[in-house]
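Below is the file input-v1.cif, which contains mmCIF, C-alpha atoms.
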```cif
data_structure
loop_
_atom_site.group_PDB
_atom_site.id
_atom_site.type_symbol
_atom_site.label_atom_id
_atom_site.label_comp_id
_atom_site.auth_asym_id
_atom_site.auth_seq_id
_atom_site.Cartn_x
_atom_site.Cartn_y
_atom_site.Cartn_z
ATOM 1 C CA MET A 3 59.220 113.837 56.862
ATOM 2 C CA SER A 4 61.670 113.206 54.033
ATOM 3 C CA PHE A 5 63.039 116.739 54.260
ATOM 4 C CA SER A 6 63.356 116.457 58.051
ATOM 5 C CA GLN A 7 65.283 113.222 57.679
ATOM 6 C CA ALA A 8 67.609 114.796 55.112
ATOM 7 C CA LEU A 9 68.328 117.743 57.438
ATOM 8 C CA LEU A 10 69.075 115.411 60.331
ATOM 9 C CA GLN A 11 71.386 113.297 58.188
ATOM 10 C CA ALA A 12 73.337 116.391 57.131
ATOM 11 C CA THR A 13 73.770 117.769 60.674
ATOM 12 C CA THR A 14 74.895 116.589 64.085
ATOM 13 C CA ARG A 15 73.237 119.015 66.510
ATOM 14 C CA LEU A 16 70.096 120.269 64.791
ATOM 15 C CA LYS A 17 66.782 119.022 66.173
ATOM 16 C CA VAL A 18 63.972 118.879 63.640
ATOM 17 C CA PHE A 19 60.280 118.251 63.866
ATOM 18 C CA GLY A 20 58.356 117.091 60.861
ATOM 19 C CA ALA A 21 54.677 117.751 60.365
ATOM 20 C CA ILE A 22 52.025 115.181 59.573
ATOM 21 C CA LEU A 23 48.446 115.791 58.591
ATOM 22 C CA PRO A 24 46.171 113.026 59.914
ATOM 23 C CA GLY A 25 44.043 111.593 57.157
ATOM 24 C CA PRO A 26 46.657 111.235 54.444
ATOM 25 C CA TRP A 27 49.180 109.852 56.974
ATOM 26 C CA ASP A 28 48.609 106.392 58.447
ATOM 27 C CA PRO A 29 49.643 106.444 62.146
ATOM 28 C CA VAL A 30 51.213 102.975 61.968
ATOM 29 C CA VAL A 31 53.462 104.032 59.074
ATOM 30 C CA VAL A 32 54.278 107.341 60.789
ATOM 31 C CA ALA A 33 55.190 105.542 64.033
ATOM 32 C CA LYS A 34 57.614 103.215 62.235
ATOM 33 C CA GLN A 35 59.099 105.987 60.115
ATOM 34 C CA LEU A 36 59.648 108.267 63.107
ATOM 35 C CA ALA A 37 61.120 105.461 65.231
ATOM 36 C CA THR A 38 63.660 104.800 62.466
ATOM 37 C CA ILE A 39 64.493 108.498 62.057
ATOM 38 C CA ASP A 40 64.776 108.772 65.844
ATOM 39 C CA HIS A 41 67.453 106.049 65.857
ATOM 40 C CA ILE A 42 69.337 107.450 62.872
ATOM 41 C CA SER A 43 69.368 110.969 64.364
ATOM 42 C CA LYS A 44 70.101 109.826 67.930
ATOM 43 C CA GLY A 45 66.873 111.321 69.294
ATOM 44 C CA ARG A 46 66.869 114.629 67.409
ATOM 45 C CA VAL A 47 63.441 114.287 65.808
ATOM 46 C CA ALA A 48 60.000 115.389 66.995
ATOM 47 C CA ILE A 49 56.610 115.491 65.316
ATOM 48 C CA ASN A 50 54.005 118.185 64.825
ATOM 49 C CA VAL A 51 50.499 116.794 64.317
ATOM 50 C CA VAL A 52 48.649 119.457 62.349
ATOM 51 C CA SER A 53 44.949 119.832 61.679
ATOM 52 C CA GLY A 54 45.106 121.354 58.226
ATOM 53 C CA TRP A 55 43.334 124.492 57.178
ATOM 54 C CA PHE A 56 42.989 124.133 53.405
ATOM 55 C CA LYS A 57 39.822 122.264 52.465
ATOM 56 C CA GLY A 58 41.002 121.846 48.866
ATOM 57 C CA GLU A 59 43.965 119.791 50.078
ATOM 58 C CA PHE A 60 41.593 117.203 51.532
ATOM 59 C CA THR A 61 39.001 117.160 48.763
ATOM 60 C CA ALA A 62 41.724 116.865 46.091
ATOM 61 C CA ILE A 63 42.764 113.491 47.497
ATOM 62 C CA GLY A 64 39.236 112.306 48.267
ATOM 63 C CA LEU A 65 39.261 112.808 52.035
ATOM 64 C CA PRO A 66 36.350 114.341 53.915
ATOM 65 C CA TRP A 67 36.748 117.819 55.334
ATOM 66 C CA LEU A 68 36.055 117.753 59.066
ATOM 67 C CA GLU A 69 34.795 120.675 61.078
ATOM 68 C CA HIS A 70 37.028 122.118 63.818
ATOM 69 C CA ASP A 71 35.952 119.961 66.775
ATOM 70 C CA GLU A 72 35.817 116.791 64.643
ATOM 71 C CA THR A 73 39.341 117.523 63.421
ATOM 72 C CA LEU A 74 40.615 117.888 66.981
ATOM 73 C CA SER A 75 38.954 114.609 67.962
ATOM 74 C CA SER A 76 40.700 112.937 65.023
ATOM 75 C CA LEU A 77 44.044 114.499 66.016
ATOM 76 C CA GLY A 78 43.622 113.230 69.559
ATOM 77 C CA GLY A 79 43.064 109.721 68.222
ATOM 78 C CA VAL A 80 46.163 109.862 66.045
ATOM 79 C CA ILE A 81 48.271 111.109 68.958
ATOM 80 C CA ARG A 82 46.981 108.373 71.292
ATOM 81 C CA ALA A 83 47.669 105.827 68.538
ATOM 82 C CA LEU A 84 51.262 107.026 68.033
ATOM 83 C CA LYS A 85 51.984 106.957 71.752
ATOM 84 C CA GLY A 86 50.508 103.461 72.057
ATOM 85 C CA ILE A 87 52.458 102.057 69.117
ATOM 86 C CA TRP A 88 55.691 103.521 70.495
ATOM 87 C CA THR A 89 55.235 102.382 74.096
ATOM 88 C CA GLN A 90 53.131 99.188 74.155
ATOM 89 C CA ASP A 91 53.653 95.702 72.807
ATOM 90 C CA ASN A 92 50.977 94.393 70.417
ATOM 91 C CA PHE A 93 49.055 97.665 70.594
ATOM 92 C CA THR A 94 45.472 97.700 69.299
ATOM 93 C CA PHE A 95 43.563 100.917 68.669
ATOM 94 C CA ASN A 96 39.869 101.426 67.945
ATOM 95 C CA GLY A 97 39.085 105.131 67.632
ATOM 96 C CA ASP A 98 36.403 107.194 65.933
ATOM 97 C CA SER A 99 38.312 107.626 62.676
ATOM 98 C CA ILE A 100 41.056 104.968 62.809
ATOM 99 C CA ALA A 101 41.316 101.393 63.978
ATOM 100 C CA PHE A 102 44.144 98.869 63.708
ATOM 101 C CA ALA A 103 46.040 96.082 65.424
ATOM 102 C CA THR A 104 49.827 96.029 65.228
ATOM 103 C CA ASN A 105 52.687 93.776 66.021
ATOM 104 C CA THR A 106 55.166 95.134 68.515
ATOM 105 C CA LEU A 107 57.197 97.928 66.965
ATOM 106 C CA ARG A 108 60.896 97.085 66.828
ATOM 107 C CA PRO A 109 62.993 98.952 67.239
ATOM 108 C CA SER A 110 60.990 101.268 69.422
ATOM 109 C CA PRO A 111 62.129 104.909 69.468
ATOM 110 C CA SER A 112 65.429 105.588 71.217
ATOM 111 C CA ARG A 113 63.880 108.596 73.029
ATOM 112 C CA LYS A 114 61.867 107.418 75.976
ATOM 113 C CA PRO A 115 59.027 107.173 76.291
ATOM 114 C CA HIS A 116 58.735 108.425 72.677
ATOM 115 C CA PRO A 117 59.709 111.372 70.429
ATOM 116 C CA GLU A 118 58.193 114.704 71.430
ATOM 117 C CA ILE A 119 54.772 115.420 69.944
ATOM 118 C CA PHE A 120 53.598 118.959 69.237
ATOM 119 C CA GLN A 121 50.223 120.309 68.176
ATOM 120 C CA GLY A 122 49.351 123.918 67.423
ATOM 121 C CA GLY A 123 46.176 125.715 68.310
ATOM 122 C CA SER A 124 44.711 128.455 70.419
ATOM 123 C CA SER A 125 41.047 127.509 70.627
ATOM 124 C CA ARG A 126 39.615 126.127 73.835
ATOM 125 C CA ALA A 127 38.979 122.799 72.080
ATOM 126 C CA ALA A 128 42.638 122.615 70.952
ATOM 127 C CA ARG A 129 43.896 123.322 74.458
ATOM 128 C CA ASP A 130 41.514 120.763 75.973
ATOM 129 C CA MET A 131 42.572 118.079 73.483
ATOM 130 C CA ALA A 132 46.259 118.797 74.129
ATOM 131 C CA ALA A 133 45.661 118.458 77.861
ATOM 132 C CA ARG A 134 43.803 115.159 77.390
ATOM 133 C CA VAL A 135 46.673 113.600 75.435
ATOM 134 C CA ARG A 136 49.395 115.494 77.372
ATOM 135 C CA LEU A 137 50.990 117.361 74.513
ATOM 136 C CA VAL A 138 53.340 120.239 74.120
ATOM 137 C CA LEU A 139 50.973 122.907 72.814
ATOM 138 C CA TYR A 140 52.260 125.909 70.974
ATOM 139 C CA GLN A 141 50.174 128.945 70.158
ATOM 140 C CA ARG A 142 50.621 131.770 67.713
ATOM 141 C CA GLN A 143 51.693 134.926 69.489
#
```

Translate this structure into structure tokens?
Amino acid sequence: MSFSQALLQATTRLKVFGAILPGPWDPVVVAKQLATIDHISKGRVAINVVSGWFKGEFTAIGLPWLEHDETLSSLGGVIRALKGIWTQDNFTFNGDSIAFATNTLRPSPSRKPHPEIFQGGSSRAARDMAARVRLVLYQRQ
């Protein structure tokens, strides 16, 4: 996210999407950070919610390694949480892996209803999750 923000600050037309890995990234902090970057960049930021593939990255910071379908369920929760924080006042979320209550986010993102959210994947479970949370899904060619 820091690198994405630096690129946006140094350019006027470039659109950048930063990647977050649910688990290490708290969705409330991500929502606020992205809303701020969205304002600074005049709507030129998007986010890619990634599932992670390197087990050592999780175990090194003390996070559990989830199997494929559990990971996608967690991603879906994070995406629903981000959308809720960005679009609803006093949003409360109680999912399988995250739960929180927030105050209303101000300022909300300048892009309406919120910055674009991407998620990669080609499995049936990834496509189904993307459809459930209405995401832009990209697949490796």

Chain and number of each residue from the PyMOL selection byres ((chain A and resi 41) around 9), as number ranges by chain: A: 36-40, 42-46, 109-113

Residues matched by the PyMOL selection byres ((chain A and resi 24) around 10), written as a ChimeraX atom specification: /A:21-23,25-29,32,51-54,73,76-81,99-100

Residue with smallest distance to Asn105 (chain A) - pool A:Gly58, A:Gly64, A:Gly86, A:Gly20, counting all atoms listed in the file: A:Gly86

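Rounded to one decimal, CA of Thr104 (chain A) and CA of Lys85 (chain A) lie 12.9 Å from each other.
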
Interatomic distance (Å, one decimal) between CA of Arg134 (chain A) and CA of Arg108 (chain A):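 CA of Arg108 (chain A) lies 27.0 Å from CA of Arg134 (chain A).
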
Using the chain letters and residue numbers of this document, give as a CSV table (one decimal) with C-alpha atoms, in the frame of the given file the residues selected by the PyMOL selection byres ((chain A and resi 48) around 8).
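New file expr.csv:
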```csv
chain,number,residue,atom,x,y,z
A,17,LYS,CA,66.8,119.0,66.2
A,18,VAL,CA,64.0,118.9,63.6
A,19,PHE,CA,60.3,118.3,63.9
A,20,GLY,CA,58.4,117.1,60.9
A,46,ARG,CA,66.9,114.6,67.4
A,47,VAL,CA,63.4,114.3,65.8
A,49,ILE,CA,56.6,115.5,65.3
A,50,ASN,CA,54.0,118.2,64.8
A,117,PRO,CA,59.7,111.4,70.4
A,118,GLU,CA,58.2,114.7,71.4
A,119,ILE,CA,54.8,115.4,69.9
A,120,PHE,CA,53.6,119.0,69.2
```

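Note that the spacing between CA of Ala132 (chain A) and CA of Trp88 (chain A) amounts to 18.3 Å.
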
Find the axis-aligned box for region 72-87 of chain A, covering all its listed atoms and adding 6 Å on each side, and write its centre and edge lengths in Å to one decimal as AutoDock Vina command-line options.
```
--center_x 44.1 --center_y 110.0 --center_z 67.7 --size_x 28.6 --size_y 27.8 --size_z 20.6
```

Could you pull region 92-126 of chain A out of the block above and give me N, CA, C and O atoms, as a compact mmCIF listing (two decimals), in the first residue's frame?
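After the write, selection28.txt holds the following:
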```txt
# COMPACT_ATOMS: atom_id res chain seq x y z
N ASN A 92 -21.96 3.50 10.75
CA ASN A 92 -21.90 2.65 11.95
C ASN A 92 -22.00 1.17 11.63
O ASN A 92 -22.78 0.43 12.21
N PHE A 93 -21.17 0.74 10.69
CA PHE A 93 -21.19 -0.64 10.21
C PHE A 93 -20.65 -1.60 11.26
O PHE A 93 -19.62 -1.35 11.89
N THR A 94 -21.34 -2.70 11.46
CA THR A 94 -20.91 -3.78 12.35
C THR A 94 -20.79 -5.05 11.53
O THR A 94 -21.63 -5.33 10.69
N PHE A 95 -19.73 -5.81 11.78
CA PHE A 95 -19.50 -7.04 11.03
C PHE A 95 -19.20 -8.16 12.00
O PHE A 95 -18.42 -8.00 12.93
N ASN A 96 -19.80 -9.33 11.76
CA ASN A 96 -19.56 -10.50 12.59
C ASN A 96 -19.42 -11.70 11.66
O ASN A 96 -20.40 -12.38 11.36
N GLY A 97 -18.21 -11.94 11.18
CA GLY A 97 -17.96 -13.03 10.25
C GLY A 97 -17.27 -14.20 10.92
O GLY A 97 -17.06 -14.20 12.13
N ASP A 98 -16.92 -15.20 10.11
CA ASP A 98 -16.27 -16.40 10.65
C ASP A 98 -14.90 -16.10 11.25
O ASP A 98 -14.53 -16.65 12.28
N SER A 99 -14.13 -15.22 10.59
CA SER A 99 -12.77 -14.99 11.04
C SER A 99 -12.51 -13.57 11.53
O SER A 99 -11.45 -13.31 12.10
N ILE A 100 -13.46 -12.65 11.33
CA ILE A 100 -13.30 -11.28 11.82
C ILE A 100 -14.64 -10.76 12.34
O ILE A 100 -15.69 -11.15 11.85
N ALA A 101 -14.54 -9.91 13.33
CA ALA A 101 -15.74 -9.27 13.88
C ALA A 101 -15.32 -7.91 14.42
O ALA A 101 -14.24 -7.77 15.02
N PHE A 102 -16.15 -6.89 14.21
CA PHE A 102 -15.84 -5.56 14.71
C PHE A 102 -17.08 -4.68 14.60
O PHE A 102 -18.03 -4.99 13.89
N ALA A 103 -17.04 -3.58 15.32
CA ALA A 103 -18.03 -2.51 15.19
C ALA A 103 -17.23 -1.24 14.93
O ALA A 103 -16.17 -1.04 15.53
N THR A 104 -17.70 -0.42 14.01
CA THR A 104 -16.96 0.80 13.68
C THR A 104 -17.84 2.02 13.84
O THR A 104 -19.06 1.93 13.86
N ASN A 105 -17.19 3.14 13.95
CA ASN A 105 -17.88 4.41 13.78
C ASN A 105 -18.00 4.63 12.29
O ASN A 105 -17.36 3.94 11.49
N THR A 106 -18.76 5.59 11.90
CA THR A 106 -18.91 5.90 10.48
C THR A 106 -17.58 6.41 9.93
O THR A 106 -16.96 7.29 10.53
N LEU A 107 -17.16 5.86 8.82
CA LEU A 107 -15.90 6.26 8.20
C LEU A 107 -16.07 7.61 7.53
O LEU A 107 -16.92 7.79 6.66
N ARG A 108 -15.24 8.56 7.93
CA ARG A 108 -15.22 9.88 7.31
C ARG A 108 -13.79 10.28 7.07
O ARG A 108 -12.99 10.17 7.99
N PRO A 109 -13.42 10.74 5.93
CA PRO A 109 -14.31 10.77 4.77
C PRO A 109 -14.45 9.39 4.17
O PRO A 109 -13.54 8.57 4.25
N SER A 110 -15.58 9.15 3.57
CA SER A 110 -15.76 7.90 2.83
C SER A 110 -15.00 8.06 1.51
O SER A 110 -14.62 9.16 1.14
N PRO A 111 -14.77 6.96 0.80
CA PRO A 111 -14.03 7.08 -0.47
C PRO A 111 -14.71 8.04 -1.43
O PRO A 111 -15.93 8.17 -1.44
N SER A 112 -13.91 8.70 -2.26
CA SER A 112 -14.48 9.61 -3.25
C SER A 112 -15.13 8.83 -4.40
O SER A 112 -16.11 9.28 -4.97
N ARG A 113 -14.58 7.66 -4.73
CA ARG A 113 -15.21 6.79 -5.74
C ARG A 113 -16.46 6.17 -5.16
O ARG A 113 -16.43 5.67 -4.05
N LYS A 114 -17.51 6.21 -5.87
CA LYS A 114 -18.78 5.65 -5.38
C LYS A 114 -19.16 4.42 -6.18
O LYS A 114 -19.02 4.43 -7.39
N PRO A 115 -19.60 3.36 -5.53
CA PRO A 115 -19.85 3.31 -4.11
C PRO A 115 -18.59 3.10 -3.28
O PRO A 115 -18.58 3.37 -2.08
N HIS A 116 -17.50 2.65 -3.92
CA HIS A 116 -16.23 2.41 -3.21
C HIS A 116 -15.16 2.14 -4.25
O HIS A 116 -15.46 1.91 -5.43
N PRO A 117 -13.87 2.13 -3.85
CA PRO A 117 -12.81 1.77 -4.81
C PRO A 117 -13.06 0.36 -5.37
O PRO A 117 -13.68 -0.48 -4.72
N GLU A 118 -12.55 0.13 -6.57
CA GLU A 118 -12.69 -1.20 -7.17
C GLU A 118 -11.96 -2.24 -6.33
O GLU A 118 -10.91 -1.96 -5.78
N ILE A 119 -12.53 -3.43 -6.26
CA ILE A 119 -11.93 -4.54 -5.53
C ILE A 119 -11.72 -5.69 -6.50
O ILE A 119 -12.63 -6.09 -7.20
N PHE A 120 -10.50 -6.21 -6.52
CA PHE A 120 -10.14 -7.32 -7.38
C PHE A 120 -9.75 -8.51 -6.52
O PHE A 120 -9.31 -8.36 -5.39
N GLN A 121 -9.90 -9.70 -7.09
CA GLN A 121 -9.48 -10.93 -6.44
C GLN A 121 -9.12 -11.90 -7.55
O GLN A 121 -9.87 -12.04 -8.51
N GLY A 122 -7.97 -12.53 -7.44
CA GLY A 122 -7.55 -13.49 -8.46
C GLY A 122 -7.97 -14.90 -8.10
O GLY A 122 -8.23 -15.23 -6.96
N GLY A 123 -8.06 -15.73 -9.12
CA GLY A 123 -8.37 -17.13 -8.88
C GLY A 123 -9.03 -17.76 -10.07
O GLY A 123 -9.69 -17.09 -10.85
N SER A 124 -8.83 -19.04 -10.22
CA SER A 124 -9.45 -19.75 -11.34
C SER A 124 -10.23 -20.97 -10.89
O SER A 124 -10.90 -21.60 -11.69
N SER A 125 -10.17 -21.29 -9.60
CA SER A 125 -10.92 -22.45 -9.13
C SER A 125 -12.41 -22.13 -9.10
O SER A 125 -12.83 -20.98 -9.08
N ARG A 126 -13.20 -23.17 -9.07
CA ARG A 126 -14.65 -22.98 -8.98
C ARG A 126 -15.02 -22.22 -7.71
O ARG A 126 -15.88 -21.33 -7.71
```
